[in-house]
>>> print(open('work-v8.json').read())   # JSON, C-alpha atoms
[["chain", "number", "residue", "atom", "x", "y", "z"],
["V", 1, "MET", "CA", -12.74, -17.93, -3.88],
["V", 2, "LEU", "CA", -14.55, -16.22, -1.00],
["V", 3, "ASP", "CA", -12.60, -18.28, 1.51],
["V", 4, "ARG", "CA", -9.45, -16.44, 0.43],
["V", 5, "CYS", "CA", -11.00, -13.01, 0.91],
["V", 6, "THR", "CA", -10.94, -10.87, 4.05],
["V", 7, "PHE", "CA", -14.04, -8.70, 3.79],
["V", 8, "PRO", "CA", -15.11, -6.61, 6.79],
["V", 9, "ALA", "CA", -18.59, -6.74, 8.26],
["V", 10, "ALA", "CA", -19.25, -3.35, 6.65],
["V", 11, "GLY", "CA", -17.28, -0.87, 4.59],
["V", 12, "VAL", "CA", -17.03, 1.52, 1.67],
["V", 13, "ALA", "CA", -15.88, 0.10, -1.68],
["V", 14, "ALA", "CA", -13.55, 2.22, -3.82],
["V", 15, "VAL", "CA", -14.52, 1.15, -7.34],
["V", 16, "SER", "CA", -12.72, 2.50, -10.40],
["V", 17, "GLY", "CA", -14.67, 0.41, -12.88],
["V", 18, "GLY", "CA", -11.73, -1.86, -13.60],
["V", 19, "ALA", "CA", -12.01, -5.62, -13.29],
["V", 20, "ASP", "CA", -10.36, -5.85, -9.88],
["V", 21, "SER", "CA", -12.55, -3.32, -8.09],
["V", 22, "LEU", "CA", -15.76, -4.46, -9.82],
["V", 23, "ALA", "CA", -15.05, -8.05, -8.80],
["V", 24, "MET", "CA", -14.29, -6.89, -5.27],
["V", 25, "LEU", "CA", -17.69, -5.19, -5.12],
["V", 26, "ALA", "CA", -19.51, -8.31, -6.33],
["V", 27, "LEU", "CA", -17.60, -10.58, -3.96],
["V", 28, "ALA", "CA", -18.16, -8.24, -1.03],
["V", 29, "VAL", "CA", -21.92, -8.49, -1.51],
["V", 30, "ALA", "CA", -21.68, -12.27, -1.94],
["V", 31, "SER", "CA", -19.68, -12.56, 1.28],
["V", 32, "GLY", "CA", -22.36, -10.81, 3.32],
["V", 33, "CYS", "CA", -20.34, -7.62, 3.77],
["V", 34, "ARG", "CA", -22.65, -4.63, 4.15],
["V", 35, "VAL", "CA", -21.31, -2.33, 1.46],
["V", 36, "LEU", "CA", -22.22, 1.15, 2.67],
["V", 37, "GLU", "CA", -21.60, 2.61, -0.77],
["V", 38, "ALA", "CA", -19.60, 2.11, -3.93],
["V", 39, "VAL", "CA", -17.57, 5.24, -4.61],
["V", 40, "HIS", "CA", -16.08, 6.15, -7.97],
["V", 41, "VAL", "CA", -13.45, 8.90, -7.99],
["V", 42, "ASP", "CA", -12.70, 10.73, -11.23],
["V", 43, "HIS", "CA", -9.25, 12.34, -11.18],
["V", 44, "GLY", "CA", -9.87, 14.13, -14.47],
["V", 45, "LEU", "CA", -6.50, 13.03, -15.80],
["V", 46, "ARG", "CA", -7.68, 11.66, -19.15],
["V", 47, "HIS", "CA", -10.41, 12.28, -21.68],
["V", 48, "GLY", "CA", -13.64, 10.44, -21.01],
["V", 49, "SER", "CA", -12.72, 9.44, -17.46],
["V", 50, "ALA", "CA", -16.00, 10.86, -16.11],
["V", 51, "ASP", "CA", -17.96, 8.35, -18.22],
["V", 52, "GLU", "CA", -16.38, 5.47, -16.30],
["V", 53, "ALA", "CA", -18.59, 6.31, -13.34],
["V", 54, "ASP", "CA", -21.54, 4.96, -15.33],
["V", 55, "VAL", "CA", -19.97, 1.49, -15.37],
["V", 56, "VAL", "CA", -19.75, 1.54, -11.58],
["V", 57, "ARG", "CA", -23.24, 3.03, -11.23],
["V", 58, "VAL", "CA", -24.77, 0.19, -13.26],
["V", 59, "ALA", "CA", -22.86, -2.51, -11.36],
["V", 60, "ALA", "CA", -23.80, -1.01, -8.00],
["V", 61, "GLY", "CA", -27.43, -0.85, -9.10],
["V", 62, "GLU", "CA", -27.45, -4.53, -10.05],
["V", 63, "LEU", "CA", -26.06, -5.38, -6.63],
["V", 64, "ASP", "CA", -28.42, -2.97, -4.81],
["V", 65, "VAL", "CA", -25.49, -1.01, -3.37],
["V", 66, "PRO", "CA", -25.65, 2.78, -2.83],
["V", 67, "PHE", "CA", -23.49, 4.67, -5.34],
["V", 68, "ARG", "CA", -21.56, 7.94, -5.13],
["V", 69, "SER", "CA", -19.36, 9.65, -7.70],
["V", 70, "GLU", "CA", -16.67, 12.20, -6.78],
["V", 71, "ARG", "CA", -14.46, 14.46, -8.86],
["V", 72, "VAL", "CA", -11.03, 15.55, -7.60],
["V", 73, "VAL", "CA", -8.42, 17.81, -9.18],
["V", 74, "VAL", "CA", -4.89, 16.42, -9.41],
["V", 75, "ALA", "CA", -2.34, 18.59, -11.22],
["V", 76, "ARG", "CA", 0.13, 16.84, -13.45],
["V", 77, "GLY", "CA", 3.71, 16.76, -12.24],
["V", 78, "PRO", "CA", 6.02, 14.76, -9.94],
["V", 79, "ASN", "CA", 4.60, 12.01, -7.71],
["V", 80, "LEU", "CA", 1.35, 11.98, -9.67],
["V", 81, "GLU", "CA", 0.28, 8.53, -8.49],
["V", 82, "ALA", "CA", 0.92, 9.34, -4.82],
["V", 83, "ARG", "CA", -0.96, 12.63, -5.04],
["V", 84, "ALA", "CA", -3.85, 10.98, -6.84],
["V", 85, "ARG", "CA", -4.08, 8.35, -4.07],
["V", 86, "ALA", "CA", -4.11, 11.06, -1.41],
["V", 87, "ALA", "CA", -6.84, 13.00, -3.22],
["V", 88, "ARG", "CA", -8.88, 9.84, -3.66],
["V", 89, "ARG", "CA", -8.56, 8.85, -0.02],
["V", 90, "ALA", "CA", -9.71, 12.29, 1.09],
["V", 91, "VAL", "CA", -13.15, 11.87, -0.53],
["V", 92, "LEU", "CA", -13.76, 8.21, 0.27],
["V", 93, "GLY", "CA", -14.90, 8.85, 3.81],
["V", 94, "HIS", "CA", -14.08, 7.29, 7.15],
["V", 95, "GLY", "CA", -14.20, 3.71, 8.37],
["V", 96, "VAL", "CA", -13.01, 0.73, 6.37],
["V", 97, "VAL", "CA", -12.39, 1.63, 2.72],
["V", 98, "MET", "CA", -11.95, -1.47, 0.57],
["V", 99, "THR", "CA", -9.65, -1.38, -2.45],
["V", 100, "GLY", "CA", -9.27, -4.02, -5.15],
["V", 101, "HIS", "CA", -5.58, -4.85, -4.84],
["V", 102, "THR", "CA", -4.71, -8.39, -5.90],
["V", 103, "ALA", "CA", -1.80, -10.80, -5.50],
["V", 104, "ASP", "CA", -0.44, -9.49, -8.80],
["V", 105, "ASP", "CA", -0.36, -5.97, -7.34],
["V", 106, "GLN", "CA", 1.38, -7.44, -4.31],
["V", 107, "ALA", "CA", 4.15, -8.94, -6.45],
["V", 108, "GLU", "CA", 4.64, -5.63, -8.25],
["V", 109, "THR", "CA", 4.80, -3.73, -4.96],
["V", 110, "LEU", "CA", 7.44, -6.07, -3.57],
["V", 111, "LEU", "CA", 9.63, -5.58, -6.67],
["V", 112, "LEU", "CA", 9.16, -1.82, -6.63],
["V", 113, "ASN", "CA", 10.14, -1.69, -2.96],
["V", 114, "LEU", "CA", 13.12, -3.93, -3.65],
["V", 115, "VAL", "CA", 14.56, -1.59, -6.28],
["V", 116, "ARG", "CA", 14.12, 1.29, -3.83],
["V", 117, "GLY", "CA", 16.39, -0.53, -1.39],
["V", 118, "ALA", "CA", 13.67, -1.47, 1.11],
["V", 119, "GLY", "CA", 14.30, -3.62, 4.15],
["V", 120, "VAL", "CA", 12.10, -6.35, 5.58],
["V", 121, "THR", "CA", 9.17, -4.00, 6.17],
["V", 122, "GLY", "CA", 9.08, -2.86, 2.55],
["V", 123, "LEU", "CA", 9.47, -6.40, 1.26],
["V", 124, "GLY", "CA", 6.35, -7.31, 3.22],
["V", 125, "ALA", "CA", 4.55, -5.07, 0.70],
["V", 126, "MET", "CA", 0.82, -4.67, 1.45],
["V", 127, "ALA", "CA", -0.77, -6.20, 4.52],
["V", 128, "PRO", "CA", -3.91, -8.27, 3.93],
["V", 129, "GLY", "CA", -7.03, -7.41, 5.87],
["V", 130, "PRO", "CA", -10.43, -5.73, 5.61],
["V", 131, "ALA", "CA", -9.09, -2.78, 3.58],
["V", 132, "LYS", "CA", -7.53, -5.09, 0.98],
["V", 133, "PRO", "CA", -9.97, -7.99, 0.98],
["V", 134, "ILE", "CA", -9.01, -9.62, -2.33],
["V", 135, "LEU", "CA", -5.23, -9.47, -1.91],
["V", 136, "ALA", "CA", -5.02, -13.27, -2.20],
["V", 137, "LEU", "CA", -6.83, -13.35, -5.56],
["V", 138, "ARG", "CA", -5.27, -13.09, -9.02],
["V", 139, "ARG", "CA", -6.23, -10.72, -11.81],
["V", 140, "ALA", "CA", -7.36, -13.66, -13.90],
["V", 141, "GLU", "CA", -9.89, -14.48, -11.18],
["V", 142, "THR", "CA", -11.28, -10.94, -11.00],
["V", 143, "ARG", "CA", -11.72, -10.88, -14.77],
["V", 144, "ALA", "CA", -13.57, -14.19, -14.51],
["V", 145, "VAL", "CA", -15.94, -12.76, -11.88],
["V", 146, "CYS", "CA", -16.76, -9.83, -14.17],
["V", 147, "ALA", "CA", -17.26, -12.11, -17.16],
["V", 148, "ALA", "CA", -19.63, -14.32, -15.16],
["V", 149, "ARG", "CA", -21.78, -11.29, -14.41],
["V", 150, "GLY", "CA", -21.65, -10.04, -17.99],
["V", 151, "TRP", "CA", -19.79, -6.88, -17.03],
["V", 152, "THR", "CA", -17.32, -5.14, -19.35],
["V", 153, "PRO", "CA", -14.77, -3.50, -17.07],
["V", 154, "VAL", "CA", -13.13, -0.17, -17.79],
["V", 155, "VAL", "CA", -9.66, -0.47, -19.34],
["V", 156, "ASP", "CA", -7.44, 2.33, -18.06],
["V", 157, "PRO", "CA", -4.95, 3.29, -20.81],
["V", 158, "SER", "CA", -2.60, 4.75, -18.22],
["V", 159, "ASN", "CA", -1.89, 1.18, -17.08],
["V", 160, "GLU", "CA", 0.04, 0.74, -20.33],
["V", 161, "ASP", "CA", 2.09, 3.94, -20.00],
["V", 162, "PRO", "CA", 5.78, 3.07, -19.51],
["V", 163, "ALA", "CA", 6.31, 6.45, -17.85],
["V", 164, "PHE", "CA", 4.99, 4.78, -14.69],
["V", 165, "ARG", "CA", 7.50, 2.42, -13.13],
["V", 166, "ARG", "CA", 4.82, 0.01, -11.94],
["V", 167, "ASN", "CA", 3.71, -0.51, -15.54],
["V", 168, "ARG", "CA", 7.23, -1.46, -16.60],
["V", 169, "VAL", "CA", 7.41, -3.96, -13.75],
["V", 170, "ARG", "CA", 4.01, -5.35, -14.78],
["V", 171, "HIS", "CA", 4.61, -5.59, -18.51],
["V", 172, "GLU", "CA", 8.37, -6.11, -18.74],
["V", 173, "VAL", "CA", 9.96, -7.32, -15.50],
["V", 174, "LEU", "CA", 7.43, -9.91, -14.36],
["V", 175, "PRO", "CA", 7.02, -11.57, -17.78],
["V", 176, "LEU", "CA", 10.82, -11.78, -18.03],
["V", 177, "LEU", "CA", 11.05, -13.32, -14.56],
["V", 178, "ASP", "CA", 8.33, -15.82, -15.48],
["V", 179, "ALA", "CA", 10.32, -16.82, -18.55],
["V", 180, "ILE", "CA", 13.58, -17.14, -16.61],
["V", 181, "ALA", "CA", 12.01, -19.13, -13.78],
["V", 182, "ASP", "CA", 9.69, -21.07, -16.11],
["V", 183, "ARG", "CA", 6.85, -20.58, -13.64],
["V", 184, "ASP", "CA", 4.40, -18.03, -12.26],
["V", 185, "VAL", "CA", 6.69, -15.73, -10.29],
["V", 186, "ALA", "CA", 3.94, -13.42, -9.02],
["V", 187, "ALA", "CA", 2.58, -16.18, -6.80],
["V", 188, "LEU", "CA", 6.04, -16.80, -5.37],
["V", 189, "LEU", "CA", 6.62, -13.11, -4.70],
["V", 190, "ALA", "CA", 3.28, -12.82, -2.93],
["V", 191, "ARG", "CA", 4.30, -15.73, -0.72],
["V", 192, "SER", "CA", 7.67, -14.10, -0.02],
["V", 193, "ALA", "CA", 5.87, -10.92, 1.03],
["V", 194, "SER", "CA", 3.77, -12.92, 3.48],
["V", 195, "LEU", "CA", 6.88, -14.48, 5.01],
["V", 196, "ALA", "CA", 8.56, -11.08, 5.24],
["V", 197, "ARG", "CA", 5.54, -9.66, 7.11],
["V", 198, "ASP", "CA", 5.78, -12.44, 9.69],
["V", 199, "ASP", "CA", 9.46, -11.67, 10.25],
["V", 200, "ASP", "CA", 8.67, -7.95, 10.35],
["V", 201, "ALA", "CA", 6.06, -8.44, 13.07],
["V", 202, "LEU", "CA", 8.53, -10.39, 15.22],
["V", 203, "LEU", "CA", 11.25, -7.77, 14.81],
["V", 204, "ASP", "CA", 8.77, -5.02, 15.69],
["V", 205, "SER", "CA", 7.86, -6.87, 18.88],
["V", 206, "LEU", "CA", 11.51, -7.22, 19.89],
["V", 207, "ALA", "CA", 12.33, -3.61, 19.01],
["V", 208, "SER", "CA", 9.40, -2.28, 21.05],
["V", 209, "ALA", "CA", 11.20, -3.40, 24.23],
["V", 210, "ILE", "CA", 13.99, -0.86, 23.62],
["V", 211, "ASP", "CA", 13.69, 2.53, 25.35],
["V", 212, "VAL", "CA", 14.63, 4.60, 22.33],
["V", 213, "THR", "CA", 15.21, 7.70, 24.47],
["V", 214, "ASP", "CA", 17.97, 5.84, 26.37],
["V", 215, "ALA", "CA", 21.12, 6.45, 24.31],
["V", 216, "ARG", "CA", 23.02, 3.63, 25.97],
["V", 217, "ALA", "CA", 20.22, 1.14, 25.38],
["V", 218, "VAL", "CA", 20.02, 2.09, 21.70],
["V", 219, "ALA", "CA", 23.79, 1.90, 21.25],
["V", 220, "ALA", "CA", 23.95, -1.52, 22.95],
["V", 221, "ALA", "CA", 21.01, -3.07, 21.11],
["V", 222, "PRO", "CA", 21.49, -5.37, 18.10],
["V", 223, "LEU", "CA", 21.77, -3.06, 15.10],
["V", 224, "PRO", "CA", 18.63, -4.29, 13.27],
["V", 225, "LEU", "CA", 16.53, -3.74, 16.40],
["V", 226, "ALA", "CA", 18.09, -0.35, 17.15],
["V", 227, "ARG", "CA", 17.35, 0.85, 13.64],
["V", 228, "ARG", "CA", 13.79, -0.40, 13.87],
["V", 229, "ALA", "CA", 13.18, 1.27, 17.25],
["V", 230, "ILE", "CA", 14.52, 4.59, 15.94],
["V", 231, "ARG", "CA", 12.43, 4.34, 12.77],
["V", 232, "ALA", "CA", 9.25, 3.78, 14.80],
["V", 233, "TRP", "CA", 10.15, 6.69, 17.09],
["V", 234, "LEU", "CA", 10.65, 9.07, 14.17],
["V", 235, "THR", "CA", 7.73, 7.96, 12.03],
["V", 236, "ALA", "CA", 5.09, 10.63, 11.62],
["V", 237, "GLY", "CA", 2.92, 9.67, 8.68],
["V", 238, "TYR", "CA", 5.84, 8.42, 6.62],
["V", 239, "PRO", "CA", 8.90, 6.64, 8.04],
["V", 240, "PRO", "CA", 12.27, 8.43, 7.97],
["V", 241, "ASP", "CA", 14.84, 7.49, 5.36],
["V", 242, "ALA", "CA", 17.73, 5.16, 6.18],
["V", 243, "ALA", "CA", 20.25, 8.02, 6.33],
["V", 244, "ALA", "CA", 18.25, 9.79, 9.06],
["V", 245, "VAL", "CA", 18.14, 6.60, 11.14],
["V", 246, "GLU", "CA", 21.91, 6.18, 10.79],
["V", 247, "ARG", "CA", 22.47, 9.77, 11.91],
["V", 248, "VAL", "CA", 20.44, 9.14, 15.07],
["V", 249, "LEU", "CA", 22.60, 6.08, 15.74],
["V", 250, "THR", "CA", 25.74, 8.25, 15.66],
["V", 251, "VAL", "CA", 24.12, 10.50, 18.26],
["V", 252, "ALA", "CA", 23.19, 7.51, 20.44],
["V", 253, "ARG", "CA", 26.80, 6.27, 20.27],
["V", 254, "GLY", "CA", 28.15, 9.66, 21.30],
["V", 255, "ASP", "CA", 29.80, 10.37, 17.95],
["V", 256, "ALA", "CA", 27.63, 13.46, 17.44],
["V", 257, "ARG", "CA", 25.66, 15.74, 19.77],
["V", 258, "GLY", "CA", 22.68, 16.06, 17.49],
["V", 259, "CYS", "CA", 21.40, 15.58, 13.96],
["V", 260, "ASP", "CA", 18.71, 16.59, 11.51],
["V", 261, "VAL", "CA", 16.10, 13.93, 10.73],
["V", 262, "GLY", "CA", 14.07, 15.77, 8.07],
["V", 263, "ASP", "CA", 10.88, 17.82, 7.94],
["V", 264, "GLY", "CA", 12.39, 20.42, 10.27],
["V", 265, "ARG", "CA", 12.91, 17.89, 13.04],
["V", 266, "SER", "CA", 16.10, 16.99, 14.88],
["V", 267, "VAL", "CA", 17.39, 14.67, 17.57],
["V", 268, "ARG", "CA", 19.91, 15.72, 20.21],
["V", 269, "ARG", "CA", 21.60, 14.01, 23.12],
["V", 270, "SER", "CA", 21.19, 15.38, 26.64],
["V", 271, "GLY", "CA", 23.25, 13.38, 29.07],
["V", 272, "GLN", "CA", 22.26, 9.80, 28.31],
["V", 273, "ARG", "CA", 18.89, 10.72, 26.88],
["V", 274, "LEU", "CA", 17.88, 11.15, 23.24],
["V", 275, "VAL", "CA", 15.49, 14.06, 22.75],
["V", 276, "ARG", "CA", 13.40, 14.53, 19.61],
["V", 277, "CYS", "CA", 12.83, 18.16, 18.70],
["V", 278, "ASP", "CA", 9.76, 18.71, 16.52],
["V", 279, "PRO", "CA", 8.90, 22.04, 14.86]]
>>> encode(input="work-v8.json", output="structure tokens")
Amino acid sequence: MLDRCTFPAAGVAAVSGGADSLAMLALAVASGCRVLEAVHVDHGLRHGSADEADVVRVAAGELDVPFRSERVVVARGPNLEARARAARRAVLGHGVVMTGHTADDQAETLLLNLVRGAGVTGLGAMAPGPAKPILALRRAETRAVCAARGWTPVVDPSNEDPAFRRNRVRHEVLPLLDAIADRDVAALLARSASLARDDDALLDSLASAIDVTDARAVAAAPLPLARRAIRAWLTAGYPPDAAAVERVLTVARGDARGCDVGDGRSVRRSGQRLVRCDP
């Protein structure tokens, strides 16, 4: 199992108390990773959530890993999951922060990105590496690690809530796909994500050769590479949406003198140069 993990030499472990993150913590120690601390973050979104820190505290104590518990405030409303992730990341500290995402999470992410209309980059889902060291493992394996240690992981009831799209993919879409394909589709989707990331890396390399400020070069480039070069140029935290990229292409082709690209930014054409105007 450890040979499929990608633990760093040292890092912080984000541990919710669920099976995946508890198993990650145990495997990190077994791999020789110097776990600087196991951090539990309570978002205060459900009754009794603060008690879950005790599960992590006990596990960390058994493994002789420093433990820290944090409480963040996340107001209910739109984009709850994204805001909770941002709040969690803010208190986890710097350096490599390990999270317990598995191959099952990878399959769900690919499907979620697919229904959002993602391109090759989105279909690559999550990249493996030190921050996601157990991405090649399955949930059944993380549960087995916890059982072997005699741990009873926290069961988060929000993981059953159909209000969250990921839960519907997990509990409805993937079981249906398994039945249709008569096989374990999550493993296939994880493999597809890996192939997509390889293609994505190649396309990024080719697109990086384009001078995106040269309108003629952008207009003459193969469309997939031109789009990719523009997207990289405009990305500031989050990539621009597809419509913004297409608007920049119209400017590069001379069909418009300028365009809005979101967040108060714009792109205009000056002679044969594309100029990005940031607020």
>>> residues_around(input="work-v8.json", residues="Gly100 in chain V", least_positions_apart="3", cutoff="9 Å", atoms="only C-alpha atoms", output="JSON, numbers by chain")
{"V": [13, 14, 15, 19, 20, 21, 22, 23, 24, 25, 131, 132, 133, 134, 135]}
>>> residues_around(input="work-v8.json", residues="range 196-207 of chain V", least_positions_apart="4", cutoff="12 Å", atoms="all atoms listed in the file", output="MDAnalysis selection string")
chainID V and resid 110 118:128 189:192 211:212 217:218 221:233
>>> closest_residue(input="work-v8.json", among="V:Ser194, V:Gln106, V:Ser16, V:Ser208", to="Asp156 in chain V", atoms="all atoms listed in the file")
V:Ser16
>>> atom_distance(input="work-v8.json", atom1="CA of Arg265 in chain V", atom2="CA of Cys277 in chain V")
5.7 Å
>>> atom_distance(input="work-v8.json", atom1="CA of Leu177 in chain V", atom2="CA of Gly17 in chain V")
29.2 Å
>>> residues_near_point(input="work-v8.json", point="(12.2, 13.1, 11.0)", cutoff="8 Å", atoms="all atoms listed in the file", output="number ranges by chain")
V: 234-236, 239-240, 244, 260-266
>>> residues_around(input="work-v8.json", residues="Ala103 in chain V", least_positions_apart="6", cutoff="6 Å", atoms="only C-alpha atoms", output="CSV table (one decimal) with C-alpha atoms, in the frame of the given file")
chain,number,residue,atom,x,y,z
V,135,LEU,CA,-5.2,-9.5,-1.9
V,136,ALA,CA,-5.0,-13.3,-2.2
V,137,LEU,CA,-6.8,-13.4,-5.6
V,138,ARG,CA,-5.3,-13.1,-9.0
>>> closest_atom_pairs(input="work-v8.json", of="range 86-133 of chain V", to="range 157-168 of chain V", cutoff="8 Å", atoms="all atoms listed in the file", output="JSON lines")
{"residue": "V:Glu108", "atom": "CA", "partner": "V:Arg166", "partner_atom": "CA", "distance": 6.7}
{"residue": "V:Thr109", "atom": "CA", "partner": "V:Arg166", "partner_atom": "CA", "distance": 7.9}
{"residue": "V:Leu112", "atom": "CA", "partner": "V:Arg166", "partner_atom": "CA", "distance": 7.1}
>>> closest_residue(input="work-v8.json", among="V:His94, V:His40, V:Arg216, V:Arg89", to="Thr250 in chain V", atoms="all atoms listed in the file")
V:Arg216
